[in-house]
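So this one's target05.txt, compact mmCIF, C-alpha atoms and all ligand atoms:
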# COMPACT_ATOMS: atom_id res chain seq x y z
CA MET A 1208 0.29 -17.53 57.77
CA HIS A 1209 0.39 -13.75 57.38
CA ILE A 1210 3.77 -12.05 57.98
CA ALA A 1211 2.20 -9.74 60.56
CA ASP A 1212 1.08 -12.86 62.49
CA VAL A 1213 4.58 -14.37 62.26
CA ILE A 1214 5.97 -11.17 63.81
CA ALA A 1215 3.32 -11.24 66.53
CA ARG A 1216 4.18 -14.86 67.29
CA ASP A 1217 8.00 -14.77 67.03
CA GLY A 1218 8.70 -11.19 68.15
CA MET A 1219 10.56 -10.45 64.94
CA THR A 1220 11.33 -11.90 61.54
CA ALA A 1221 14.59 -12.49 59.67
CA SER A 1222 14.09 -12.94 55.94
CA PHE A 1223 15.85 -12.98 52.57
CA GLU A 1224 15.22 -11.45 49.18
CA PHE A 1225 15.93 -13.54 46.07
CA PHE A 1226 15.64 -12.67 42.41
CA PRO A 1227 14.65 -15.24 39.77
CA PRO A 1228 17.81 -16.37 37.93
CA ARG A 1229 18.01 -15.39 34.27
CA THR A 1230 19.84 -18.33 32.71
CA ASP A 1231 19.92 -22.11 33.11
CA GLU A 1232 23.42 -21.91 34.60
CA ALA A 1233 22.29 -19.27 37.10
CA TRP A 1234 19.30 -21.48 38.03
CA ASP A 1235 21.63 -24.40 38.67
CA SER A 1236 23.98 -22.42 40.83
CA PHE A 1237 21.11 -20.84 42.79
CA ALA A 1238 19.42 -24.23 43.22
CA ALA A 1239 22.65 -25.50 44.75
CA SER A 1240 22.58 -22.76 47.39
CA ILE A 1241 18.88 -22.94 48.30
CA GLY A 1242 19.68 -25.63 50.87
CA GLU A 1243 22.20 -23.30 52.54
CA PHE A 1244 19.57 -20.56 52.81
CA GLU A 1245 17.06 -23.10 54.10
CA ALA A 1246 19.48 -24.20 56.83
CA LEU A 1247 19.39 -20.65 58.21
CA ARG A 1248 15.63 -21.10 58.74
CA PRO A 1249 14.44 -17.63 57.77
CA SER A 1250 10.92 -16.53 58.67
CA PHE A 1251 10.17 -16.01 54.96
CA VAL A 1252 11.88 -15.33 51.64
CA SER A 1253 10.73 -12.83 49.03
CA VAL A 1254 11.08 -13.13 45.25
CA THR A 1255 11.45 -10.03 43.08
CA TYR A 1256 9.30 -9.26 40.04
CA GLY A 1257 10.39 -7.34 36.95
CA ALA A 1258 8.31 -4.18 36.45
CA GLY A 1259 5.76 -4.57 33.67
CA GLY A 1260 5.84 -8.37 34.01
CA SER A 1261 9.32 -8.84 32.53
CA THR A 1262 10.12 -11.70 34.94
CA ARG A 1263 6.56 -12.95 35.37
CA GLU A 1264 7.21 -16.59 34.38
CA ARG A 1265 10.54 -16.77 36.20
CA THR A 1266 9.18 -15.21 39.39
CA ASP A 1267 6.28 -17.62 39.24
CA ALA A 1268 8.57 -20.61 38.63
CA LEU A 1269 10.83 -19.75 41.57
CA VAL A 1270 7.90 -19.18 43.92
CA ALA A 1271 6.37 -22.51 42.84
CA ARG A 1272 9.65 -24.33 43.35
CA LEU A 1273 10.27 -22.83 46.80
CA GLN A 1274 6.69 -23.56 47.81
CA SER A 1275 6.65 -27.17 46.60
CA SER A 1276 10.12 -28.44 47.38
CA THR A 1277 11.52 -26.48 50.32
CA SER A 1278 10.41 -25.52 53.82
CA LEU A 1279 10.82 -21.83 52.89
CA ARG A 1280 7.79 -19.53 52.96
CA PRO A 1281 7.90 -17.53 49.68
CA VAL A 1282 6.45 -14.02 49.46
CA PRO A 1283 6.22 -12.95 45.81
CA HIS A 1284 6.80 -9.30 44.91
CA LEU A 1285 4.23 -7.99 42.44
CA THR A 1286 4.59 -4.68 40.60
CA CYS A 1287 1.53 -3.11 39.04
CA VAL A 1288 2.67 -0.53 36.45
CA GLY A 1289 1.86 -1.68 32.94
CA HIS A 1290 -0.48 -4.46 34.06
CA THR A 1291 -4.20 -4.64 33.38
CA GLN A 1292 -6.77 -5.45 36.05
CA ALA A 1293 -7.33 -8.89 34.46
CA GLU A 1294 -3.60 -9.68 34.48
CA ILE A 1295 -3.28 -8.77 38.15
CA GLU A 1296 -6.32 -10.88 39.03
CA GLY A 1297 -4.87 -13.79 37.05
CA ILE A 1298 -1.54 -13.56 38.90
CA LEU A 1299 -3.28 -13.36 42.28
CA ALA A 1300 -5.51 -16.33 41.41
CA GLY A 1301 -2.41 -18.35 40.48
CA TYR A 1302 -0.72 -17.60 43.82
CA ALA A 1303 -3.94 -18.27 45.73
CA SER A 1304 -4.31 -21.65 44.04
CA ARG A 1305 -0.82 -22.54 45.25
CA ASP A 1306 -1.56 -21.46 48.78
CA VAL A 1307 0.81 -18.48 48.80
CA SER A 1308 -0.17 -16.45 51.85
CA ASN A 1309 1.49 -13.04 51.39
CA ILE A 1310 2.21 -10.60 48.54
CA LEU A 1311 4.58 -7.63 48.48
CA ALA A 1312 2.58 -5.02 46.55
CA LEU A 1313 4.72 -2.52 44.64
CA ARG A 1314 4.37 0.01 41.91
CA GLY A 1315 7.62 -0.81 40.09
CA ASP A 1316 9.46 1.77 38.09
CA PRO A 1317 7.46 2.90 35.08
CA PRO A 1318 9.04 3.47 31.67
CA ARG A 1319 10.67 6.86 31.10
CA GLY A 1320 8.12 9.61 31.51
CA GLY A 1321 6.88 8.57 34.97
CA ALA A 1322 3.79 6.83 36.24
CA ALA A 1323 1.54 8.84 33.95
CA ALA A 1324 3.33 7.31 30.93
CA ALA A 1325 2.62 3.77 32.06
CA PRO A 1326 -0.41 2.23 30.38
CA GLY A 1327 -3.06 0.55 32.51
CA PRO A 1328 -5.20 1.34 35.52
CA PHE A 1329 -2.44 1.10 38.15
CA ARG A 1330 -0.62 4.35 38.84
CA HIS A 1331 0.62 3.75 42.40
CA ALA A 1332 1.20 0.82 44.73
CA ALA A 1333 -1.91 1.82 46.72
CA ASP A 1334 -3.99 0.90 43.64
CA LEU A 1335 -2.49 -2.60 43.75
CA VAL A 1336 -3.07 -2.89 47.50
CA ARG A 1337 -6.74 -2.09 46.84
CA ALA A 1338 -6.84 -4.75 44.09
CA VAL A 1339 -5.33 -7.39 46.42
CA ARG A 1340 -7.78 -6.45 49.14
CA ALA A 1341 -10.71 -6.72 46.70
CA PHE A 1342 -9.39 -10.14 45.68
CA ASN A 1343 -9.23 -11.16 49.35
CA GLU A 1344 -12.78 -9.95 49.91
CA SER A 1345 -14.03 -11.87 46.88
CA GLY A 1346 -13.27 -15.11 48.77
CA ARG A 1347 -11.11 -16.53 45.98
CA HIS A 1348 -8.19 -17.32 48.28
CA PRO A 1349 -8.45 -20.75 49.93
CA HIS A 1350 -7.83 -19.16 53.34
CA GLY A 1351 -10.66 -16.92 54.44
CA ARG A 1352 -8.48 -13.89 55.14
CA GLY A 1353 -6.71 -13.98 51.79
CA PHE A 1354 -3.22 -12.60 51.26
CA GLY A 1355 -1.23 -10.66 53.85
CA ILE A 1356 -0.12 -7.50 52.04
CA GLY A 1357 3.31 -5.89 52.34
CA VAL A 1358 4.41 -2.57 50.82
CA ALA A 1359 7.70 -0.71 50.34
CA GLY A 1360 8.90 2.11 52.61
CA PHE A 1361 11.77 4.54 52.06
CA PRO A 1362 13.47 5.74 55.30
CA GLU A 1363 15.70 8.12 53.37
CA GLY A 1364 13.04 9.24 50.95
CA HIS A 1365 11.78 8.21 47.52
CA PRO A 1366 13.38 10.26 44.77
CA GLU A 1367 10.08 11.14 43.05
CA THR A 1368 8.57 12.81 46.12
CA PRO A 1369 11.01 15.26 47.71
CA ASN A 1370 8.35 16.49 50.17
CA THR A 1371 8.76 14.05 53.08
CA LEU A 1372 5.39 14.88 54.63
CA VAL A 1373 3.61 14.12 51.36
CA GLN A 1374 5.63 10.95 51.03
CA MET A 1375 4.45 9.86 54.47
CA ASP A 1376 0.86 10.53 53.34
CA HIS A 1377 1.45 8.18 50.42
CA LEU A 1378 2.77 5.45 52.71
CA ARG A 1379 -0.20 5.96 55.00
CA ALA A 1380 -2.51 5.63 51.98
CA LYS A 1381 -1.05 2.18 51.27
CA VAL A 1382 -1.65 1.09 54.85
CA ASP A 1383 -5.16 2.56 54.86
CA ALA A 1384 -5.82 0.63 51.64
CA GLY A 1385 -5.03 -2.64 53.42
CA ALA A 1386 -1.26 -3.18 53.72
CA ASP A 1387 -0.34 -4.98 56.93
CA PHE A 1388 3.46 -4.76 56.90
CA VAL A 1389 6.19 -2.60 55.40
CA ILE A 1390 9.64 -3.61 54.11
CA THR A 1391 12.12 -0.78 53.71
CA GLN A 1392 14.61 0.18 51.07
CA LEU A 1393 18.18 -0.65 52.11
CA PHE A 1394 19.92 1.83 54.40
CA PHE A 1395 23.20 2.11 56.31
CA ASP A 1396 22.26 4.57 59.04
CA ASN A 1397 20.11 3.04 61.78
CA ASP A 1398 19.35 6.42 63.36
CA ALA A 1399 17.81 7.54 60.07
CA PHE A 1400 15.68 4.38 60.07
CA PHE A 1401 14.48 4.78 63.67
CA ASP A 1402 13.71 8.46 63.19
CA TRP A 1403 11.64 7.60 60.09
CA ARG A 1404 9.91 4.77 61.96
CA ASP A 1405 8.98 7.26 64.69
CA ARG A 1406 7.59 9.56 62.00
CA CYS A 1407 5.57 6.62 60.62
CA THR A 1408 4.07 6.14 64.10
CA LEU A 1409 3.29 9.85 64.36
CA ALA A 1410 1.53 9.61 60.98
CA GLY A 1411 -0.69 6.85 62.39
CA ILE A 1412 1.10 3.97 60.66
CA ARG A 1413 0.87 1.13 63.16
CA VAL A 1414 1.79 -1.92 61.04
CA PRO A 1415 5.16 -3.66 61.57
CA VAL A 1416 8.12 -2.17 59.70
CA ILE A 1417 10.78 -4.63 58.53
CA ALA A 1418 14.24 -3.12 57.94
CA GLY A 1419 15.98 -3.86 54.61
CA LEU A 1420 19.73 -4.53 54.86
CA MET A 1421 22.25 -5.12 52.13
CA PRO A 1422 25.83 -5.87 53.11
CA ILE A 1423 28.41 -4.17 50.90
CA THR A 1424 30.68 -6.89 49.49
CA SER A 1425 32.63 -4.94 46.84
CA VAL A 1426 33.36 -1.41 45.71
CA ALA A 1427 31.47 -2.08 42.46
CA GLY A 1428 28.50 -3.32 44.51
CA LEU A 1429 28.55 -0.13 46.60
CA ARG A 1430 28.39 1.95 43.41
CA ARG A 1431 25.48 -0.16 42.08
CA MET A 1432 23.59 0.28 45.36
CA ALA A 1433 24.06 4.04 45.25
CA ASP A 1434 22.46 3.97 41.81
CA LEU A 1435 19.63 1.51 42.50
CA ALA A 1436 18.72 2.93 45.90
CA ALA A 1437 19.00 6.59 44.94
CA GLY A 1438 19.06 8.91 47.95
CA THR A 1439 20.53 6.32 50.34
CA ARG A 1440 23.24 7.91 52.45
CA PHE A 1441 26.54 6.13 53.00
CA PRO A 1442 27.86 7.32 56.39
CA ALA A 1443 31.41 8.74 56.42
CA PRO A 1444 32.75 6.12 58.92
CA LEU A 1445 31.63 3.36 56.52
CA LEU A 1446 33.19 5.05 53.48
CA ARG A 1447 36.37 5.79 55.46
CA SER A 1448 36.74 2.11 56.38
CA ILE A 1449 36.20 1.04 52.78
CA LYS A 1450 38.66 3.62 51.51
CA ARG A 1451 41.34 2.28 53.84
CA CYS A 1452 41.24 -1.11 52.11
CA GLU A 1453 39.73 -0.43 48.70
CA ASP A 1454 42.55 -2.30 46.93
CA SER A 1455 41.73 -5.54 48.73
CA PRO A 1456 38.37 -7.09 47.68
CA GLU A 1457 38.46 -9.46 50.67
CA ASP A 1458 38.96 -6.62 53.15
CA VAL A 1459 36.21 -4.53 51.53
CA ALA A 1460 33.81 -7.47 51.95
CA ASN A 1461 34.89 -7.85 55.60
CA VAL A 1462 34.21 -4.16 56.26
CA GLY A 1463 30.80 -4.29 54.55
CA ILE A 1464 29.70 -7.46 56.32
CA HIS A 1465 30.93 -6.14 59.68
CA TRP A 1466 28.92 -2.93 59.17
CA ALA A 1467 25.76 -4.85 58.27
CA THR A 1468 26.28 -7.18 61.26
CA GLU A 1469 26.53 -4.24 63.65
CA GLN A 1470 23.48 -2.66 62.01
CA ALA A 1471 21.50 -5.89 62.48
CA ARG A 1472 22.59 -6.24 66.11
CA ASP A 1473 21.62 -2.65 66.88
CA LEU A 1474 18.27 -3.00 65.07
CA MET A 1475 17.45 -6.09 67.13
CA ASP A 1476 18.57 -4.47 70.38
CA ARG A 1477 16.27 -1.56 69.62
CA GLY A 1478 13.25 -3.75 68.91
CA VAL A 1479 12.93 -3.86 65.14
CA ALA A 1480 9.99 -5.92 63.82
CA GLY A 1481 12.15 -7.72 61.29
CA ILE A 1482 15.28 -7.66 59.16
CA HIS A 1483 15.12 -8.40 55.43
CA PHE A 1484 18.46 -9.25 53.84
CA TYR A 1485 18.90 -8.34 50.18
CA THR A 1486 20.98 -11.41 49.35
CA LEU A 1487 21.51 -11.09 45.57
CA ASN A 1488 21.07 -14.89 45.74
CA ARG A 1489 24.42 -15.27 47.51
CA THR A 1490 24.63 -17.00 50.86
CA ASP A 1491 28.03 -15.89 52.10
CA ALA A 1492 27.37 -12.51 53.69
CA THR A 1493 24.01 -13.47 55.17
CA ARG A 1494 25.39 -16.68 56.63
CA ARG A 1495 28.27 -14.84 58.28
CA ILE A 1496 25.92 -12.26 59.78
CA TYR A 1497 23.59 -15.00 61.03
CA ARG A 1498 26.48 -16.89 62.64
CA THR A 1499 28.01 -13.82 64.26
CA LEU A 1500 24.70 -12.82 65.80
CA GLY A 1501 23.69 -16.34 66.81
CA LEU A 1502 20.58 -15.97 64.67
CA GLN A 1503 20.57 -19.30 62.89
CA GLY A 1504 17.31 -21.11 63.57
CA ARG A 1505 16.48 -18.70 66.40
CA VAL A 1506 14.06 -16.49 64.50
CA GLY A 1507 11.03 -18.08 62.90
CA SER A 1508 12.12 -21.43 64.28
CA GLN A 1509 8.64 -22.77 63.71
CA GLY A 1510 8.69 -21.57 60.08
CA ALA A 1511 8.37 -24.87 58.25
CA ALA A 1512 5.77 -26.30 60.57
CA ALA A 1513 3.73 -23.14 60.61
CA ARG A 1514 3.64 -22.48 56.88
CA ALA A 1515 0.00 -22.15 55.96
C1 LIG B 1601 11.30 -3.74 49.66
C2 LIG B 1601 11.31 -3.34 48.20
C3 LIG B 1601 11.12 -4.31 47.22
C4 LIG B 1601 11.11 -3.95 45.86
N1 LIG B 1601 10.92 -4.93 44.92
C5 LIG B 1601 10.84 -4.60 43.61
C6 LIG B 1601 10.59 -5.59 42.60
O1 LIG B 1601 10.48 -6.79 42.89
N2 LIG B 1601 10.49 -5.18 41.31
C7 LIG B 1601 10.62 -3.88 40.96
O2 LIG B 1601 10.50 -3.57 39.76
N3 LIG B 1601 10.83 -2.90 41.88
C8 LIG B 1601 10.95 -3.24 43.19
N4 LIG B 1601 11.20 -2.26 44.14
C9 LIG B 1601 11.39 -0.89 43.69
C10 LIG B 1601 10.07 -0.09 43.66
O3 LIG B 1601 9.17 -0.65 42.74
C11 LIG B 1601 10.43 1.34 43.23
O4 LIG B 1601 11.26 1.91 44.21
C12 LIG B 1601 9.27 2.25 42.94
O5 LIG B 1601 9.82 3.50 42.46
C13 LIG B 1601 8.42 2.60 44.16
O6 LIG B 1601 7.58 1.58 44.44
P1 LIG B 1601 6.43 1.74 45.56
O7 LIG B 1601 5.76 0.43 45.62
O8 LIG B 1601 6.98 2.33 46.79
O9 LIG B 1601 5.49 2.81 44.81
P2 LIG B 1601 4.46 3.88 45.37
O10 LIG B 1601 4.05 3.62 46.76
O11 LIG B 1601 3.39 3.97 44.32
O12 LIG B 1601 5.34 5.22 45.37
C14 LIG B 1601 6.07 5.60 44.22
C15 LIG B 1601 6.21 7.13 44.22
O13 LIG B 1601 4.94 7.69 43.94
C16 LIG B 1601 4.55 8.57 44.98
N5 LIG B 1601 3.11 8.45 45.15
C17 LIG B 1601 2.43 7.45 45.76
N6 LIG B 1601 1.11 7.69 45.71
C18 LIG B 1601 0.95 8.86 45.05
C19 LIG B 1601 -0.17 9.66 44.69
N7 LIG B 1601 -1.43 9.28 44.98
N8 LIG B 1601 0.03 10.82 44.01
C20 LIG B 1601 1.28 11.22 43.68
N9 LIG B 1601 2.41 10.51 44.02
C21 LIG B 1601 2.23 9.35 44.68
C22 LIG B 1601 5.35 8.12 46.20
O14 LIG B 1601 5.55 9.16 47.14
C23 LIG B 1601 6.67 7.69 45.56
O15 LIG B 1601 7.49 8.80 45.31
C24 LIG B 1601 11.27 -2.59 45.49
C25 LIG B 1601 11.48 -1.61 46.48
C26 LIG B 1601 11.51 -1.98 47.83
C27 LIG B 1601 11.77 -0.94 48.88

Would you give me this structure, written as structure tokens?
Ligand SMILES: Cc1cc2nc3c(=O)[nH]c(=O)nc-3n(C[C@H](O)[C@H](O)[C@H](O)COP(=O)(O)OP(=O)(O)OC[C@H]3O[C@@H](n4cnc5c(N)ncnc54)[C@H](O)[C@@H]3O)c2cc1C
Amino acid sequence: MHIADVIARDGMTASFEFFPPRTDEAWDSFAASIGEFEALRPSFVSVTYGAGGSTRERTDALVARLQSSTSLRPVPHLTCVGHTQAEIEGILAGYASRDVSNILALRGDPPRGGAAAAPGPFRHAADLVRAVRAFNESGRHPHGRGFGIGVAGFPEGHPETPNTLVQMDHLRAKVDAGADFVITQLFFDNDAFFDWRDRCTLAGIRVPVIAGLMPITSVAGLRRMADLAAGTRFPAPLLRSIKRCEDSPEDVANVGIHWATEQARDLMDRGVAGIHFYTLNRTDATRRIYRTLGLQGRVGSQGAAARA
């Protein structure tokens, strides 16, 4: 089932992002928590992909495992920089043969020197969206409509394109190329998200926009987020609360999870199409948010039965 159809059916989605574990020990510990994630009954889960194919086998293995032995609906991320057309077609054919229904189509971060330095035919995510659409139209997916296609959005801007109007044109180009949902970069300021979503609408972008949330659980984690999600603004009230208790890891986690819980509640109250939790493969924060908001099993409750 396409994610856009799940949103149309359920009103909204709640979903998780996983990354493929790097070591055998990490696999074991993640495997032990998959059941806890499953019990929350998310609408779908996404699996990250290392730019240039660096996690190709591991991403594939995790998607296969989720698809074959859980009720979770996996949505693989796929980045295109550094890949050839044949490699991309091979990856899509593999997912199609396993009945994967949706792909998150991304550019990935090219090696130093920018997109132009990356070898291969794919310069931007829109090129990958076109490739997925061509694959869909070729009839090689077992379901007639092929893959649902998601793309990334950046409510607080993408660092490579300071001109926000041009950036919106680039998002629109991905949707025009065939994307049917958007998942955003993490953010902490809901007003910034809703203002950007309004600007998407003004730019003619009508596909559902799923909000990306990442609860802060440590001061080190906050610093890593600021680096990975460059440009994301940390509101002063959030930083003030963290500063008050920065010497207590437990209190910092409480502050971060409380902030994300309030963000999620407000997003739902204001009619968001979905919330995507960046879990870092850890259940704690997401489970607490789910419980506090009474979300468990409420969103995507027909997930397992409806997986197609
Ligand atoms: C939800 C989400 C999931 C992610 N998952 C992963 C993952 O699994 N693996 C990973 O490596 N990375 C991942 N990323 C990071 C992402 O790959 C990087 O942020 C990357 O820099 C942008 O990817 P994009 O798909 O938005 O690229 P694009 O849409 O191609 O945009 C990249 C930049 O190029 C500009 N641009 C687009 N089109 C043009 C054009 N025609 N001419 C000039 N400039 C243009 C855009 O404005 C933007 O600044 C994820 C990001 C998000 C938000």

| request: Could you please determine the separation between atom CA of Arg1265 of chain A and atom C8 of ligand LIG 1601 (chain B) in Å, to one decimal place? | output: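 According to the coordinates, atom CA of Arg1265 of chain A and atom C8 of ligand LIG 1601 (chain B) are separated by 15.2 Å.
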
| message | Which residues are near ligand LIG 1601 (chain B) - at most 7 Å, using all atoms listed in the file? Format: as a ChimeraX atom specification. | response | /A:1254-1258,1284-1286,1312-1316,1330-1333,1358-1361,1365-1368,1373-1374,1377-1378,1381,1390-1392,1419

| Atomic separation - atom CA of Thr1291 of chain A relative to atom CA of Arg1337 of chain A, Å |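 Distance between the two atoms: 13.9 Å.
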
| query | If you count all atoms listed in the file, which residues fall within 9 Å of Arg1489 of chain A, apart from same-chain ones fewer than 5 positions away, as a list in words? | reply | Phe1225, Phe1237, Ser1240 and Phe1244 of chain A

| task | May I have the residues within 12 Å of Phe1401 of chain A as a list in words, using only C-alpha atoms and disregarding those fewer than 4 positions away in the same chain? | result |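 The residues that qualify are Phe1361, Pro1362, Glu1363, Thr1391, Phe1394, Phe1395, Asp1396, Asn1397, Asp1405, Arg1406, Cys1407, Thr1408, Val1416, Ile1417, Ala1418, Gln1470, Asp1473, Leu1474, Met1475, Arg1477, Gly1478, Val1479 and Ala1480 of chain A.
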
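Atom CA of Met1421 of chain A sits 20.5 Å away from atom CA of Arg1451 of chain A.
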
| request: Considering only C-alpha atoms, state which residue in the set A:Ala1341, A:Ala1271, A:Leu1335, A:Val1213 is at the smallest distance from Ser1304 of chain A. | output: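 Once distances to Ser1304 of chain A are computed over only C-alpha atoms, the minimum belongs to A:Ala1271.
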
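The smallest atom-to-atom distance between Phe1400 of chain A and any of A:Met1375, A:Ala1384, A:Leu1446, A:Gly1364, using all atoms listed in the file, is found for A:Gly1364.
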
| task | Counting all atoms listed in the file, figure out which residue out of A:Ala1246, A:Ala1437, A:Ile1295, A:Ile1210 gets nearest to Thr1490 of chain A. | result | A:Ala1246

Please define a box with edges along x, y and z of the file around all atoms of segment 1216-1224 of chain A given in the file, extend it by 8 Å on each side, and return its centre and edge lengths in Å to one decimal, as lines of an AutoDock Vina configuration file.
center_x = 10.0
center_y = -12.7
center_z = 58.7
size_x = 27.7
size_y = 20.4
size_z = 35.0

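Considering the residues A:Phe1226, A:Ile1310, A:Lys1450, A:Asp1376 and counting only C-alpha atoms, Thr1486 of chain A has its shortest atom-to-atom contact with A:Phe1226.
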
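Minimum atom-to-atom distance to Asp1476 of chain A, evaluated using only C-alpha atoms, belongs to A:Met1219 out of A:His1209, A:Ala1433, A:Met1219, A:Cys1452.
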
| query | Looking at A:Gly1260, A:Gly1463, A:Gly1297, A:Pro1442, which one is nearest to Pro1422 of chain A, with distances taken over only C-alpha atoms? | reply |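 Closest candidate: A:Gly1463.
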
Will you give me segment 1442-1460 of chain A, written with N, CA and C atoms and laid out as a PDB file, in the first residue's frame?
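Written file, part27.pdb:
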ATOM      1  N   PRO A1442      15.103  26.392  19.636  1.00  0.00           N
ATOM      2  CA  PRO A1442      14.473  27.555  20.276  1.00  0.00           C
ATOM      3  C   PRO A1442      15.051  27.821  21.669  1.00  0.00           C
ATOM      4  N   ALA A1443      15.115  29.103  22.044  1.00  0.00           N
ATOM      5  CA  ALA A1443      15.694  29.487  23.337  1.00  0.00           C
ATOM      6  C   ALA A1443      15.010  28.791  24.519  1.00  0.00           C
ATOM      7  N   PRO A1444      13.662  28.666  24.548  1.00  0.00           N
ATOM      8  CA  PRO A1444      13.044  27.991  25.707  1.00  0.00           C
ATOM      9  C   PRO A1444      13.537  26.546  25.874  1.00  0.00           C
ATOM     10  N   LEU A1445      13.794  25.867  24.751  1.00  0.00           N
ATOM     11  CA  LEU A1445      14.310  24.500  24.812  1.00  0.00           C
ATOM     12  C   LEU A1445      15.737  24.504  25.374  1.00  0.00           C
ATOM     13  N   LEU A1446      16.570  25.379  24.841  1.00  0.00           N
ATOM     14  CA  LEU A1446      17.966  25.439  25.313  1.00  0.00           C
ATOM     15  C   LEU A1446      18.025  25.858  26.782  1.00  0.00           C
ATOM     16  N   ARG A1447      17.126  26.785  27.159  1.00  0.00           N
ATOM     17  CA  ARG A1447      17.104  27.260  28.562  1.00  0.00           C
ATOM     18  C   ARG A1447      16.774  26.077  29.500  1.00  0.00           C
ATOM     19  N   SER A1448      15.793  25.284  29.106  1.00  0.00           N
ATOM     20  CA  SER A1448      15.406  24.135  29.950  1.00  0.00           C
ATOM     21  C   SER A1448      16.557  23.147  30.061  1.00  0.00           C
ATOM     22  N   ILE A1449      17.250  22.920  28.945  1.00  0.00           N
ATOM     23  CA  ILE A1449      18.367  21.967  28.977  1.00  0.00           C
ATOM     24  C   ILE A1449      19.502  22.514  29.835  1.00  0.00           C
ATOM     25  N   LYS A1450      19.730  23.822  29.702  1.00  0.00           N
ATOM     26  CA  LYS A1450      20.825  24.426  30.474  1.00  0.00           C
ATOM     27  C   LYS A1450      20.588  24.286  31.978  1.00  0.00           C
ATOM     28  N   ARG A1451      19.314  24.396  32.376  1.00  0.00           N
ATOM     29  CA  ARG A1451      18.984  24.301  33.799  1.00  0.00           C
ATOM     30  C   ARG A1451      19.429  22.970  34.408  1.00  0.00           C
ATOM     31  N   CYS A1452      19.464  21.915  33.570  1.00  0.00           N
ATOM     32  CA  CYS A1452      19.723  20.585  34.152  1.00  0.00           C
ATOM     33  C   CYS A1452      20.842  19.854  33.425  1.00  0.00           C
ATOM     34  N   GLU A1453      21.731  20.613  32.776  1.00  0.00           N
ATOM     35  CA  GLU A1453      22.702  19.961  31.890  1.00  0.00           C
ATOM     36  C   GLU A1453      23.624  18.967  32.606  1.00  0.00           C
ATOM     37  N   ASP A1454      23.717  19.078  33.943  1.00  0.00           N
ATOM     38  CA  ASP A1454      24.593  18.143  34.666  1.00  0.00           C
ATOM     39  C   ASP A1454      23.897  16.823  34.982  1.00  0.00           C
ATOM     40  N   SER A1455      22.615  16.730  34.686  1.00  0.00           N
ATOM     41  CA  SER A1455      21.889  15.493  34.978  1.00  0.00           C
ATOM     42  C   SER A1455      21.387  14.859  33.673  1.00  0.00           C
ATOM     43  N   PRO A1456      22.056  13.792  33.195  1.00  0.00           N
ATOM     44  CA  PRO A1456      21.637  13.166  31.935  1.00  0.00           C
ATOM     45  C   PRO A1456      20.161  12.774  31.944  1.00  0.00           C
ATOM     46  N   GLU A1457      19.668  12.294  33.090  1.00  0.00           N
ATOM     47  CA  GLU A1457      18.266  11.848  33.148  1.00  0.00           C
ATOM     48  C   GLU A1457      17.319  13.034  32.942  1.00  0.00           C
ATOM     49  N   ASP A1458      17.650  14.163  33.580  1.00  0.00           N
ATOM     50  CA  ASP A1458      16.789  15.336  33.448  1.00  0.00           C
ATOM     51  C   ASP A1458      16.834  15.914  32.028  1.00  0.00           C
ATOM     52  N   VAL A1459      18.028  15.873  31.419  1.00  0.00           N
ATOM     53  CA  VAL A1459      18.133  16.358  30.029  1.00  0.00           C
ATOM     54  C   VAL A1459      17.220  15.516  29.134  1.00  0.00           C
ATOM     55  N   ALA A1460      17.259  14.198  29.317  1.00  0.00           N
ATOM     56  CA  ALA A1460      16.401  13.323  28.505  1.00  0.00           C
ATOM     57  C   ALA A1460      14.926  13.638  28.753  1.00  0.00           C
TER      58      ALA A1460
END
